[in-house]
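**Student:** Contents are mmCIF, C-alpha atoms; file name target-v2.cif:
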data_entry
loop_
_atom_site.label_atom_id
_atom_site.label_comp_id
_atom_site.auth_asym_id
_atom_site.auth_seq_id
_atom_site.Cartn_x
_atom_site.Cartn_y
_atom_site.Cartn_z
CA MET R 1 -65.55 -213.97 87.55
CA PRO R 2 -67.30 -210.78 86.36
CA GLN R 3 -70.30 -209.58 88.29
CA VAL R 4 -72.95 -208.13 86.03
CA SER R 5 -75.95 -205.96 86.77
CA MET R 6 -78.61 -205.10 84.27
CA THR R 7 -82.20 -203.96 84.22
CA VAL R 8 -84.28 -206.65 82.56
CA ASN R 9 -87.86 -205.73 81.68
CA GLY R 10 -87.71 -202.96 84.26
CA LYS R 11 -86.36 -205.08 87.10
CA ALA R 12 -82.83 -204.84 88.49
CA THR R 13 -80.90 -208.10 88.16
CA SER R 14 -77.36 -209.09 88.96
CA GLY R 15 -75.27 -212.21 88.97
CA ASP R 16 -71.81 -213.70 88.73
CA VAL R 17 -71.03 -214.88 85.22
CA GLU R 18 -68.02 -216.24 83.38
CA GLY R 19 -66.40 -214.17 80.66
CA ARG R 20 -67.85 -216.57 78.12
CA THR R 21 -71.42 -216.44 79.46
CA LEU R 22 -73.64 -215.28 76.63
CA LEU R 23 -76.44 -212.81 77.25
CA SER R 24 -78.90 -215.53 76.15
CA ALA R 25 -77.46 -217.87 78.78
CA TYR R 26 -77.64 -215.19 81.46
CA LEU R 27 -81.32 -214.60 80.69
CA ARG R 28 -82.26 -218.27 80.40
CA ASP R 29 -79.99 -220.04 82.87
CA HIS R 30 -79.26 -217.39 85.47
CA LEU R 31 -82.59 -215.56 85.50
CA GLY R 32 -84.78 -218.49 84.40
CA MET R 33 -86.33 -216.37 81.67
CA THR R 34 -86.70 -218.95 78.94
CA GLY R 35 -88.89 -216.88 76.65
CA THR R 36 -85.76 -215.90 74.74
CA HIS R 37 -85.09 -218.93 72.54
CA VAL R 38 -81.77 -220.21 71.29
CA GLY R 39 -82.36 -221.81 67.92
CA CYS R 40 -79.06 -222.02 66.10
CA ASP R 41 -76.54 -220.50 68.54
CA THR R 42 -74.67 -219.24 65.47
CA SER R 43 -76.36 -215.80 65.14
CA GLN R 44 -78.31 -216.79 62.06
CA CYS R 45 -81.85 -217.65 63.19
CA GLY R 46 -82.76 -214.64 65.33
CA ALA R 47 -84.93 -216.55 67.83
CA CYS R 48 -82.76 -215.01 70.58
CA VAL R 49 -83.29 -211.36 69.62
CA VAL R 50 -83.69 -209.06 72.61
CA HIS R 51 -83.28 -205.31 72.98
CA VAL R 52 -80.19 -203.92 74.68
CA ASN R 53 -80.55 -200.23 75.44
CA GLY R 54 -83.40 -200.20 72.96
CA GLU R 55 -81.56 -201.86 70.10
CA ALA R 56 -82.25 -205.33 68.70
CA VAL R 57 -79.32 -207.69 69.22
CA LYS R 58 -78.81 -211.43 68.96
CA SER R 59 -78.37 -212.40 72.60
CA CYS R 60 -76.51 -215.60 71.63
CA THR R 61 -73.82 -213.41 70.06
CA MET R 62 -73.19 -210.96 72.85
CA PHE R 63 -71.47 -211.65 76.14
CA ALA R 64 -73.46 -211.00 79.30
CA ALA R 65 -70.52 -208.93 80.53
CA GLU R 66 -70.99 -206.60 77.56
CA ALA R 67 -74.53 -205.86 78.77
CA ASP R 68 -73.36 -204.88 82.24
CA GLY R 69 -75.24 -201.73 83.23
CA ALA R 70 -77.58 -201.99 80.25
CA THR R 71 -81.34 -201.97 79.99
CA VAL R 72 -82.50 -205.24 78.45
CA ASP R 73 -85.99 -205.98 77.14
CA THR R 74 -87.15 -209.50 76.35
CA ILE R 75 -90.33 -211.16 75.15
CA GLU R 76 -91.42 -211.60 78.78
CA GLY R 77 -91.74 -207.84 79.10
CA GLN R 78 -93.79 -207.25 75.97
CA ALA R 79 -97.32 -207.90 77.23
CA ASN R 80 -99.40 -205.01 78.50
CA ALA R 81 -99.36 -204.24 82.23
CA ASP R 82 -102.63 -206.13 82.74
CA GLY R 83 -101.16 -209.23 81.13
CA SER R 84 -103.03 -208.90 77.84
CA LEU R 85 -101.10 -209.25 74.60
CA ASN R 86 -99.56 -206.07 73.23
CA VAL R 87 -100.42 -204.82 69.75
CA ILE R 88 -97.72 -206.85 67.99
CA GLN R 89 -98.42 -210.06 69.91
CA GLN R 90 -102.16 -209.69 69.30
CA ALA R 91 -101.55 -209.13 65.59
CA PHE R 92 -99.46 -212.33 65.43
CA GLN R 93 -102.40 -214.19 66.95
CA ASP R 94 -105.02 -212.50 64.77
CA HIS R 95 -103.13 -213.08 61.54
CA HIS R 96 -101.77 -216.54 62.33
CA GLY R 97 -98.20 -215.23 62.36
CA LEU R 98 -96.92 -218.32 64.13
CA GLN R 99 -97.26 -222.05 63.93
CA CYS R 100 -94.80 -223.91 66.15
CA GLY R 101 -93.92 -220.65 67.89
CA PHE R 102 -90.20 -221.25 68.31
CA CYS R 103 -89.09 -218.23 66.29
CA THR R 104 -91.87 -216.01 67.65
CA PRO R 105 -90.03 -214.35 70.56
CA GLY R 106 -87.35 -213.15 68.16
CA MET R 107 -89.88 -212.19 65.52
CA VAL R 108 -91.86 -210.09 68.01
CA MET R 109 -88.73 -208.41 69.36
CA SER R 110 -87.46 -207.64 65.85
CA ALA R 111 -90.90 -206.34 64.88
CA ALA R 112 -90.93 -204.09 67.95
CA ALA R 113 -87.51 -202.70 67.01
CA LEU R 114 -88.63 -202.11 63.44
CA LEU R 115 -91.85 -200.32 64.36
CA LYS R 116 -90.02 -198.11 66.84
CA GLU R 117 -87.61 -197.05 64.09
CA ASN R 118 -90.14 -197.06 61.23
CA PRO R 119 -93.75 -196.86 62.45
CA LYS R 120 -95.35 -197.39 59.01
CA PRO R 121 -93.06 -199.75 57.10
CA THR R 122 -93.83 -201.05 53.64
CA GLU R 123 -94.14 -204.79 53.07
CA GLN R 124 -90.65 -204.82 51.55
CA GLU R 125 -89.20 -202.94 54.52
CA VAL R 126 -90.71 -205.52 56.87
CA ARG R 127 -89.27 -208.37 54.83
CA ASP R 128 -85.86 -206.69 54.71
CA TYR R 129 -85.87 -206.10 58.46
CA LEU R 130 -86.62 -209.76 59.13
CA GLU R 131 -83.57 -210.87 57.16
CA GLY R 132 -81.96 -212.19 60.33
CA ASN R 133 -85.04 -213.97 61.69
CA LEU R 134 -85.72 -217.43 60.34
CA CYS R 135 -89.10 -219.18 60.47
CA ARG R 136 -89.43 -222.71 59.22
CA CYS R 137 -93.23 -222.97 59.47
CA THR R 138 -95.10 -219.98 58.16
CA GLY R 139 -93.33 -219.04 54.97
CA TYR R 140 -93.17 -215.54 56.55
CA HIS R 141 -96.30 -214.31 54.79
CA ASN R 142 -98.49 -214.10 57.87
CA ILE R 143 -95.65 -212.75 60.00
CA VAL R 144 -95.22 -209.87 57.57
CA LYS R 145 -98.97 -209.37 57.50
CA ALA R 146 -99.14 -209.34 61.30
CA ILE R 147 -96.41 -206.73 61.58
CA LEU R 148 -98.07 -204.52 58.96
CA ALA R 149 -101.35 -204.89 60.86
CA ALA R 150 -99.62 -204.03 64.13
CA SER R 151 -98.38 -200.83 62.50
CA GLY R 152 -102.03 -199.84 62.00
CA GLN R 153 -102.02 -200.40 58.24
CA ASP R 154 -104.88 -202.07 56.41
CA VAL R 155 -103.87 -205.60 55.46
CA GLY R 156 -107.27 -206.56 54.05
CA ALA R 157 -105.90 -206.40 50.52
CA ILE R 158 -103.04 -208.80 51.26
CA ALA R 159 -104.21 -212.24 50.21
CA ALA R 160 -103.91 -215.12 52.60
CA GLU R 161 -101.36 -217.59 51.28
CA MET K 1 -66.25 -222.06 73.90
CA TYR K 2 -63.29 -221.93 76.24
CA ASN K 3 -63.46 -219.43 79.03
CA PHE K 4 -61.39 -216.24 79.10
CA GLU K 5 -60.78 -213.19 81.18
CA PHE K 6 -62.98 -210.24 80.20
CA GLU K 7 -61.95 -206.61 80.39
CA LYS K 8 -63.82 -203.52 79.27
CA PRO K 9 -61.53 -200.49 79.42
CA GLY K 10 -62.80 -196.94 78.99
CA SER K 11 -59.90 -195.51 76.99
CA ILE K 12 -57.65 -196.44 74.08
CA ALA K 13 -54.61 -196.30 76.34
CA ASP K 14 -56.14 -198.73 78.82
CA ALA K 15 -57.21 -201.05 76.00
CA VAL K 16 -53.70 -201.15 74.57
CA ALA K 17 -52.28 -201.87 78.02
CA ALA K 18 -54.81 -204.67 78.58
CA LEU K 19 -53.91 -206.20 75.21
CA GLY K 20 -50.29 -206.49 76.30
CA SER K 21 -50.83 -209.84 77.97
CA GLU K 22 -50.23 -213.07 76.11
CA ASP K 23 -53.06 -214.38 73.89
CA ALA K 24 -55.24 -211.34 74.58
CA MET K 25 -57.53 -210.28 71.75
CA PRO K 26 -59.61 -207.16 71.13
CA LEU K 27 -63.40 -207.62 70.93
CA GLY K 28 -65.29 -205.30 68.59
CA GLY K 29 -68.95 -206.21 68.21
CA GLY K 30 -68.14 -209.91 68.32
CA GLN K 31 -70.36 -210.80 65.37
CA THR K 32 -67.57 -212.84 63.81
CA LEU K 33 -65.33 -213.49 66.80
CA ILE K 34 -68.01 -214.98 69.07
CA PRO K 35 -69.18 -217.55 66.49
CA ALA K 36 -65.50 -218.38 65.81
CA MET K 37 -64.87 -218.85 69.53
CA LYS K 38 -67.90 -221.12 69.81
CA GLN K 39 -66.28 -223.31 67.18
CA ARG K 40 -63.00 -223.07 69.08
CA LEU K 41 -61.34 -221.54 66.05
CA ASN K 42 -60.28 -218.78 68.44
CA ALA K 43 -59.46 -219.30 72.09
CA PRO K 44 -58.04 -216.08 73.55
CA SER K 45 -56.98 -216.06 77.17
CA LYS K 46 -58.38 -212.57 77.51
CA LEU K 47 -60.87 -210.47 75.57
CA VAL K 48 -60.57 -206.72 75.71
CA SER K 49 -63.88 -205.14 74.78
CA LEU K 50 -63.61 -201.95 72.75
CA SER K 51 -67.31 -201.14 73.13
CA GLY K 52 -66.87 -198.91 76.17
CA ILE K 53 -64.40 -196.48 74.59
CA ALA K 54 -66.29 -193.29 73.73
CA GLU K 55 -63.35 -191.78 71.82
CA MET K 56 -63.57 -194.67 69.32
CA LYS K 57 -67.21 -194.09 68.38
CA GLY K 58 -68.98 -191.75 66.03
CA VAL K 59 -69.09 -190.29 62.54
CA CYS K 60 -67.85 -186.80 61.64
CA VAL K 61 -66.34 -184.79 58.81
CA ARG K 62 -62.76 -183.65 59.39
CA ASP K 63 -61.33 -180.26 58.50
CA ASP K 64 -59.56 -181.84 55.51
CA GLY K 65 -62.94 -183.00 54.17
CA ALA K 66 -62.49 -186.70 54.91
CA LEU K 67 -65.21 -188.65 56.68
CA SER K 68 -63.95 -189.97 60.00
CA ILE K 69 -65.53 -193.05 61.54
CA GLY K 70 -64.48 -194.30 64.96
CA GLY K 71 -63.22 -197.87 64.95
CA ALA K 72 -65.85 -199.05 67.43
CA THR K 73 -68.76 -197.51 65.52
CA PRO K 74 -71.48 -200.07 64.75
CA HIS K 75 -72.69 -200.56 61.18
CA ALA K 76 -76.16 -199.25 62.09
CA VAL K 77 -74.66 -195.92 63.20
CA VAL K 78 -72.67 -195.58 59.98
CA ALA K 79 -75.82 -196.43 58.02
CA ALA K 80 -77.76 -193.74 59.87
CA GLU K 81 -75.13 -190.99 60.14
CA ALA K 82 -72.82 -191.24 57.13
CA GLY K 83 -75.55 -190.86 54.52
CA ALA K 84 -75.46 -187.08 54.35
CA HIS K 85 -71.73 -187.12 53.57
CA TYR K 86 -71.01 -190.41 51.84
CA PRO K 87 -74.24 -192.13 50.70
CA ALA K 88 -72.50 -195.11 49.08
CA LEU K 89 -70.73 -195.93 52.32
CA ALA K 90 -73.94 -195.59 54.35
CA GLY K 91 -75.68 -197.78 51.79
CA LEU K 92 -73.02 -200.45 52.14
CA ALA K 93 -73.25 -200.35 55.94
CA SER K 94 -77.05 -200.62 55.82
CA HIS K 95 -76.88 -203.97 54.01
CA ILE K 96 -74.29 -205.80 56.11
CA GLY K 97 -75.74 -208.92 57.75
CA ASP K 98 -79.11 -208.12 59.31
CA PRO K 99 -80.41 -205.37 61.62
CA ALA K 100 -79.39 -207.09 64.87
CA VAL K 101 -75.90 -207.80 63.53
CA ARG K 102 -75.58 -204.18 62.39
CA ASN K 103 -76.34 -202.98 65.91
CA ARG K 104 -73.31 -204.85 67.27
CA GLY K 105 -70.77 -205.32 64.47
CA THR K 106 -68.22 -202.53 64.06
CA ILE K 107 -66.20 -201.10 61.20
CA GLY K 108 -62.93 -201.65 63.05
CA GLY K 109 -63.82 -205.25 63.75
CA SER K 110 -64.71 -205.90 60.14
CA LEU K 111 -61.50 -204.34 58.81
CA ALA K 112 -59.32 -206.05 61.41
CA ASN K 113 -60.80 -209.45 60.54
CA ASN K 114 -60.58 -208.82 56.77
CA ASP K 115 -62.94 -211.62 55.84
CA PRO K 116 -62.53 -212.20 52.08
CA ALA K 117 -66.29 -211.75 51.64
CA ALA K 118 -66.87 -208.81 54.01
CA CYS K 119 -68.26 -205.55 52.60
CA TYR K 120 -66.23 -202.90 54.44
CA PRO K 121 -62.80 -203.84 53.06
CA SER K 122 -64.03 -202.94 49.56
CA ALA K 123 -65.17 -199.51 50.75
CA ALA K 124 -61.87 -198.83 52.52
CA LEU K 125 -59.77 -199.96 49.56
CA GLY K 126 -62.12 -198.42 46.99
CA SER K 127 -61.99 -195.07 48.78
CA GLY K 128 -58.27 -195.09 49.46
CA ALA K 129 -59.12 -194.80 53.14
CA THR K 130 -56.61 -194.38 55.92
CA ILE K 131 -56.70 -196.92 58.73
CA VAL K 132 -55.72 -195.12 61.92
CA THR K 133 -54.49 -197.34 64.74
CA ASN K 134 -53.37 -196.58 68.26
CA ASN K 135 -49.86 -195.87 66.99
CA ARG K 136 -49.85 -195.13 63.23
CA GLU K 137 -51.77 -194.38 60.05
CA ILE K 138 -51.91 -197.06 57.36
CA ALA K 139 -53.02 -196.46 53.76
CA ALA K 140 -55.66 -198.95 52.64
CA ASP K 141 -53.37 -200.01 49.76
CA ASP K 142 -50.81 -201.19 52.35
CA TYR K 143 -53.29 -202.45 54.92
CA PHE K 144 -54.97 -205.41 53.20
CA GLN K 145 -52.48 -208.25 52.83
CA GLY K 146 -54.60 -211.23 51.83
CA MET K 147 -57.45 -213.29 53.20
CA PHE K 148 -57.84 -212.60 56.96
CA THR K 149 -54.45 -210.88 56.89
CA THR K 150 -53.74 -207.21 57.51
CA ALA K 151 -50.88 -204.91 58.40
CA LEU K 152 -52.04 -204.80 62.02
CA GLU K 153 -49.49 -205.90 64.58
CA GLU K 154 -50.31 -207.96 67.66
CA GLY K 155 -52.28 -205.83 70.10
CA GLU K 156 -52.74 -202.97 67.62
CA ILE K 157 -56.30 -201.66 67.34
CA ILE K 158 -58.14 -199.61 64.73
CA VAL K 159 -59.26 -196.42 66.44
CA GLU K 160 -60.51 -194.57 63.36
CA VAL K 161 -61.01 -194.96 59.62
CA ARG K 162 -60.77 -191.90 57.36
CA PHE K 163 -62.56 -191.96 54.02
CA PRO K 164 -61.83 -189.30 51.41
CA ILE K 165 -65.29 -188.42 50.06
CA PRO K 166 -65.60 -189.13 46.33
CA GLU K 167 -67.53 -187.20 43.70
CA LYS K 168 -69.57 -190.30 42.93
CA ALA K 169 -69.59 -193.82 44.31
CA ASN K 170 -71.66 -196.96 44.58
CA TYR K 171 -71.42 -200.45 46.03
CA GLN K 172 -73.05 -203.46 44.41
CA LYS K 173 -73.25 -206.73 46.30
CA PHE K 174 -74.37 -210.07 44.94
CA VAL K 175 -75.49 -211.72 48.15
CA GLN K 176 -74.72 -215.29 49.04
CA PRO K 177 -78.24 -216.03 50.24
CA ALA K 178 -77.42 -218.25 53.21
CA SER K 179 -74.68 -216.20 54.85
CA ARG K 180 -75.65 -212.77 53.46
CA PHE K 181 -71.97 -212.12 52.89
CA ALA K 182 -70.96 -210.90 49.45
CA LEU K 183 -70.62 -213.76 46.98
CA THR K 184 -68.98 -210.91 45.12
CA GLY K 185 -69.17 -207.20 45.83
CA VAL K 186 -67.75 -204.23 43.91
CA PHE K 187 -67.15 -200.74 45.28
CA VAL K 188 -66.59 -198.01 42.67
CA ALA K 189 -65.55 -194.48 43.68
CA LYS K 190 -64.80 -191.57 41.35
CA TYR K 191 -62.38 -188.95 42.64
CA ALA K 192 -61.02 -185.88 40.92
CA ASP K 193 -57.74 -187.69 40.28
CA GLY K 194 -59.21 -190.99 39.08
CA VAL K 195 -61.54 -193.88 39.69
CA ARG K 196 -60.98 -196.71 42.17
CA VAL K 197 -62.62 -200.13 41.85
CA ALA K 198 -62.33 -202.56 44.76
CA VAL K 199 -63.62 -206.12 44.69
CA THR K 200 -64.56 -208.29 47.66
CA GLY K 201 -65.82 -211.85 47.91
CA ALA K 202 -64.13 -213.03 44.75
CA SER K 203 -60.39 -213.48 45.17
CA GLU K 204 -58.44 -216.03 47.15
CA GLU K 205 -56.19 -213.10 48.06
CA GLY K 206 -59.05 -211.16 49.65
CA VAL K 207 -60.11 -207.67 48.61
CA PHE K 208 -58.26 -206.28 45.56
CA ARG K 209 -58.37 -203.40 43.07
CA TRP K 210 -59.35 -204.07 39.47
CA SER K 211 -56.78 -201.80 37.89
CA GLU K 212 -57.83 -202.29 34.23
CA ALA K 213 -61.34 -201.11 35.07
CA GLU K 214 -59.94 -198.20 37.05
CA ALA K 215 -57.95 -197.03 34.02
CA ALA K 216 -60.91 -197.42 31.65
CA LEU K 217 -63.33 -195.67 34.01
CA SER K 218 -60.90 -192.85 34.78
CA SER K 219 -61.00 -191.82 31.13
CA ASP K 220 -64.71 -192.61 30.59
CA PHE K 221 -66.94 -193.00 33.65
CA SER K 222 -69.69 -195.02 32.00
CA ALA K 223 -70.75 -198.65 32.31
CA SER K 224 -69.83 -199.32 28.70
CA ALA K 225 -66.22 -198.34 29.40
CA VAL K 226 -65.57 -201.81 30.86
CA ASP K 227 -67.35 -203.70 28.04
CA GLY K 228 -64.09 -204.73 26.42
CA LEU K 229 -62.49 -205.91 29.65
CA SER K 230 -62.66 -209.30 31.31
CA VAL K 231 -61.42 -210.68 34.60
CA SER K 232 -59.37 -213.86 34.63
CA PRO K 233 -60.86 -216.62 36.79
CA ASP K 234 -57.32 -217.54 37.91
CA GLY K 235 -57.08 -217.03 41.67
CA MET K 236 -60.82 -216.53 42.12
CA ILE K 237 -62.67 -218.43 44.84
CA GLY K 238 -64.51 -221.56 43.75
CA ASP K 239 -67.01 -223.21 46.09
CA ILE K 240 -70.52 -224.68 46.08
CA HIS K 241 -71.96 -221.20 45.67
CA GLY K 242 -70.06 -220.23 42.56
CA THR K 243 -67.17 -221.23 40.32
CA PRO K 244 -64.13 -218.99 39.76
CA ALA K 245 -65.46 -218.14 36.29
CA TYR K 246 -68.83 -217.20 37.77
CA ARG K 247 -67.24 -214.84 40.26
CA ALA K 248 -65.01 -213.35 37.56
CA SER K 249 -68.11 -212.68 35.50
CA LEU K 250 -69.89 -211.15 38.49
CA ILE K 251 -67.06 -208.66 38.98
CA LYS K 252 -67.62 -207.17 35.56
CA THR K 253 -71.41 -207.20 35.86
CA LEU K 254 -71.37 -205.60 39.30
CA THR K 255 -68.82 -203.01 38.23
CA LYS K 256 -71.09 -201.95 35.39
CA ARG K 257 -74.08 -201.80 37.73
CA ALA K 258 -72.13 -199.76 40.27
CA VAL K 259 -70.99 -197.26 37.64
CA ALA K 260 -74.53 -196.98 36.25
CA ALA K 261 -75.93 -196.43 39.74
CA ALA K 262 -73.25 -193.87 40.63
CA ALA K 263 -73.40 -191.89 37.39
#
Go ahead and express the file in the form of structure tokens.

**Tutor:**
Amino acid sequence: MPQVSMTVNGKATSGDVEGRTLLSAYLRDHLGMTGTHVGCDTSQCGACVVHVNGEAVKSCTMFAAEADGATVDTIEGQANADGSLNVIQQAFQDHHGLQCGFCTPGMVMSAAALLKENPKPTEQEVRDYLEGNLCRCTGYHNIVKAILAASGQDVGAIAAE
Amino acid sequence: MYNFEFEKPGSIADAVAALGSEDAMPLGGGQTLIPAMKQRLNAPSKLVSLSGIAEMKGVCVRDDGALSIGGATPHAVVAAEAGAHYPALAGLASHIGDPAVRNRGTIGGSLANNDPAACYPSAALGSGATIVTNNREIAADDYFQGMFTTALEEGEIIVEVRFPIPEKANYQKFVQPASRFALTGVFVAKYADGVRVAVTGASEEGVFRWSEAEAALSSDFSASAVDGLSVSPDGMIGDIHGTPAYRASLIKTLTKRAVAAAA
């Protein structure tokens, strides 16, 4: 049984896993960090997106053993040090970028990866980047708006839909 | 999914040795293999991860002018690093799946799986690439042998793919909106000695070259050069997303678009 060690949201973790243990299962079942959601378990919905060594990955489609030694960031580590929402999270709240909230952890993690790579994306670039994140409530409009707002761009001209 | 033994070697030699045991399989980025294992369509006794092998990663131009991509290089790296040398290939890589999939999925994994609707096989065949394994070099024309079938032997792994860089090239994909695979995709590449046209997503035999279009485009590299040609729907895939005739029609349309975009 492989032993894995990884730094999750800045904290050292380790555990015994099976070869087949998915990174999402390690986070949720071994570490009790259930902020990372598993929606489809078929790598389509993106609710399970986390960052591994800074890159967005679908944690339901990566083995925990593959992340051995890696730095992993999840939704639980996104808030500011004082516990307040970070810029992206606050923008989701301000612009009503969530309804049921199930997809939101993945949306926020994908948005964070996008803004790191492309700090001032266009609306189309945001929509393209969210290709692997499904939301069944919002129709995406307010998610896109929230991410554009989080990038510091004026979204006043984007109509509410 | 059934459990398995996991190994993550640091060198090609160690990976090949680890793959020597019965029912062992190589693991690229796992973006196809893991979903297949969840459905128990694959149940290897051992997975040998190729993600820890530094000598199988990266993009560089060889002395002979070909673009070399390590077999374990993720799509996102090809998208970011191949653009200066082979923009059509970088463009193809930048539209595979979605960003998270592109950070894990690898070129070697895609070519080894040879999904009939995957993008990379069309680039490899359309460029006349060389598939370099741990023990030989295979020309793309000999490598693809039908849907999910390749020239790879048991335990053989793709360590590198070499793409001759064309004068002009373009890839056009008509996306199947649910899966984001190519409902049909066409890769066109113009070399000094002729044009190659490779089609993915359409045929029941997997990726193939449209030789009539290659001949027409080699003498006149313009979209109108294929106006008089048509593709037979015989042997094309028919499913709920498109009939064989629809896919045959897409091949011509996408070829024209690719030539227009490349020229």

**Student:** Give the answer as one residue: which of K:Leu92, K:Ala79, K:Val101, K:Ala43 has the shortest atom-to-atom distance to chain R, using all atoms listed in the file?

**Tutor:**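 Closest to chain R of all the choices is K:Val101.
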
**Student:** Report, in Å to a single decimal, how far apart atom CA of Gly19 of chain R and atom CA of Met1 of chain R are.

**Tutor:**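 Spanning atom CA of Met1 of chain R to atom CA of Gly19 of chain R is a straight-line distance of 6.9 Å.
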
**Student:** Selected by the PyMOL selection byres ((chain K) within 6 of (chain R)) in the shown coordinates: which residues, as JSON, numbers by chain?

**Tutor:** {"K": [3, 4, 5, 6, 35, 98, 100]}

**Student:** Using all atoms listed in the file, which protein or nucleic acid residues come within 12 Å of Gln145 of chain K? Drop anything in the same chain fewer than 5 positions from it, and give the result as a ChimeraX atom specification.

**Tutor:** /K:111-116,121,125,139-140,150-152,204-208

**Student:** Would you mind exporting C-alpha atoms of the selected residues as a compact mmCIF listing (two decimals), in the frame of the given file?

**Tutor:**
# COMPACT_ATOMS: atom_id res chain seq x y z
CA LEU K 111 -61.50 -204.34 58.81
CA ALA K 112 -59.32 -206.05 61.41
CA ASN K 113 -60.80 -209.45 60.54
CA ASN K 114 -60.58 -208.82 56.77
CA ASP K 115 -62.94 -211.62 55.84
CA PRO K 116 -62.53 -212.20 52.08
CA PRO K 121 -62.80 -203.84 53.06
CA LEU K 125 -59.77 -199.96 49.56
CA ALA K 139 -53.02 -196.46 53.76
CA ALA K 140 -55.66 -198.95 52.64
CA THR K 150 -53.74 -207.21 57.51
CA ALA K 151 -50.88 -204.91 58.40
CA LEU K 152 -52.04 -204.80 62.02
CA GLU K 204 -58.44 -216.03 47.15
CA GLU K 205 -56.19 -213.10 48.06
CA GLY K 206 -59.05 -211.16 49.65
CA VAL K 207 -60.11 -207.67 48.61
CA PHE K 208 -58.26 -206.28 45.56

**Student:** Run the PyMOL selection byres ((chain K and resi 66) around 10) mentally over the shown coordinates, then write out the matched residues as an MDAnalysis selection string, using the chain letters and numbers from the document.

**Tutor:** chainID K and resid 60:65 67:69 85:86 129:130 161:166

**Student:** Identify, on the basis of only C-alpha atoms, every residue whose closest approach to Asn142 of chain R does not exceed 9 Å; exclude the query and any residue fewer than 2 positions from it along the same chain; express the result as a ChimeraX atom specification.

**Tutor:** /R:92,95-98,138-140,144-147,160-161

**Student:** With the PyMOL selection byres ((chain K and resi 49) around 6) as the selection, what would be picked from this file? Answer as a PyMOL selection string, please.

**Tutor:** chain K and resi 8+26-27+48+50-51

**Student:** Closest to Ala36 of chain K among K:Ala216, K:Met236, K:Ala123, K:Met1, using only C-alpha atoms?

**Tutor:**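 When distances to Ala36 of chain K are compared using only C-alpha atoms, the smallest one comes from K:Met1.
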
**Student:** Using only C-alpha atoms, which protein or nucleic acid residues come within 10 Å of Val87 of chain R? Drop anything in the same chain fewer than 6 positions from it, and give the result as number ranges by chain.

**Tutor:** R: 78-80, 93, 112, 146-147, 149-152

**Student:** Which protein, DNA or RNA residues have an atom at most 10 Å from (-73.8, -208.9, 39.6), counting all atoms listed in the file? List them as a list of chain:residue names.

**Tutor:**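 Neighbouring residues, ordered by chain and number, come to K:Gln172, K:Lys173, K:Phe174, K:Val175, K:Leu183, K:Thr184, K:Gly185, K:Val186, K:Tyr246, K:Arg247, K:Ser249, K:Leu250, K:Ile251, K:Lys252, K:Thr253, K:Leu254, K:Thr255, K:Lys256, K:Arg257, K:Ala258.
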
**Student:** Please measure the separation of atom CA of Val8 of chain R and atom CA of Cys48 of chain R, giving the value in Å to one decimal.

**Tutor:** 14.7 Å

**Student:** From the list K:Asp193, K:Glu214, K:Glu153, K:Asp14, which residue is nearest Gly126 of chain K when using all atoms listed in the file?

**Tutor:**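 Of the candidates, the smallest distance to Gly126 of chain K is held by K:Glu214.
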
**Student:** Taking into account only C-alpha atoms, which residue in the set K:Trp210, K:Arg104, K:Leu47, K:Phe181 is nearest to Ala67 of chain R?

**Tutor:**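 Counting only C-alpha atoms, the residue closest to Ala67 of chain R is K:Arg104.
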
**Student:** Could you work out how far atom CA of Met109 of chain R lies from atom CA of Cys135 of chain R, giving the answer in Å with one decimal?

**Tutor:**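 Separation between atom CA of Cys135 of chain R and atom CA of Met109 of chain R: 14.0 Å.
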
**Student:** Determine, counting all atoms listed in the file, every residue of protein, DNA or RNA that lies within 7 Å of (-87.6, -212.4, 78.2) in the file coordinates, then give the result as a ChimeraX atom specification.

**Tutor:** /R:33-36,73-77

**Student:** Could you give me the centre and size, in Å to one decimal, of an axis-aligned box around all listed atoms of segment 82-96 of chain R with 4 Å added on every side, as lines of an AutoDock Vina configuration file?

**Tutor:**
center_x = -101.4
center_y = -210.7
center_z = 72.1
size_x = 15.3
size_y = 19.7
size_z = 29.2

**Student:** Point out the residue among K:Val259, K:Gly238, K:Val197, K:Pro87 with the least atom-to-atom distance to Ser224 of chain K, counting all atoms listed in the file.

**Tutor:**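 The closest residue to Ser224 of chain K is K:Val259.
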
**Student:** Counting only C-alpha atoms, what is within 6 Å of Thr7 of chain R, bar same-chain residues fewer than 6 positions away, as a ChimeraX atom specification?

**Tutor:** /R:13,71-72

**Student:** Name the closest residue to Val159 of chain K among the candidates K:Lys46, K:Lys190, K:Lys57, K:Arg40; distances are taken between atoms, counting all atoms listed in the file.

**Tutor:**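 The shortest atom-to-atom distance to Val159 of chain K comes from K:Lys57.
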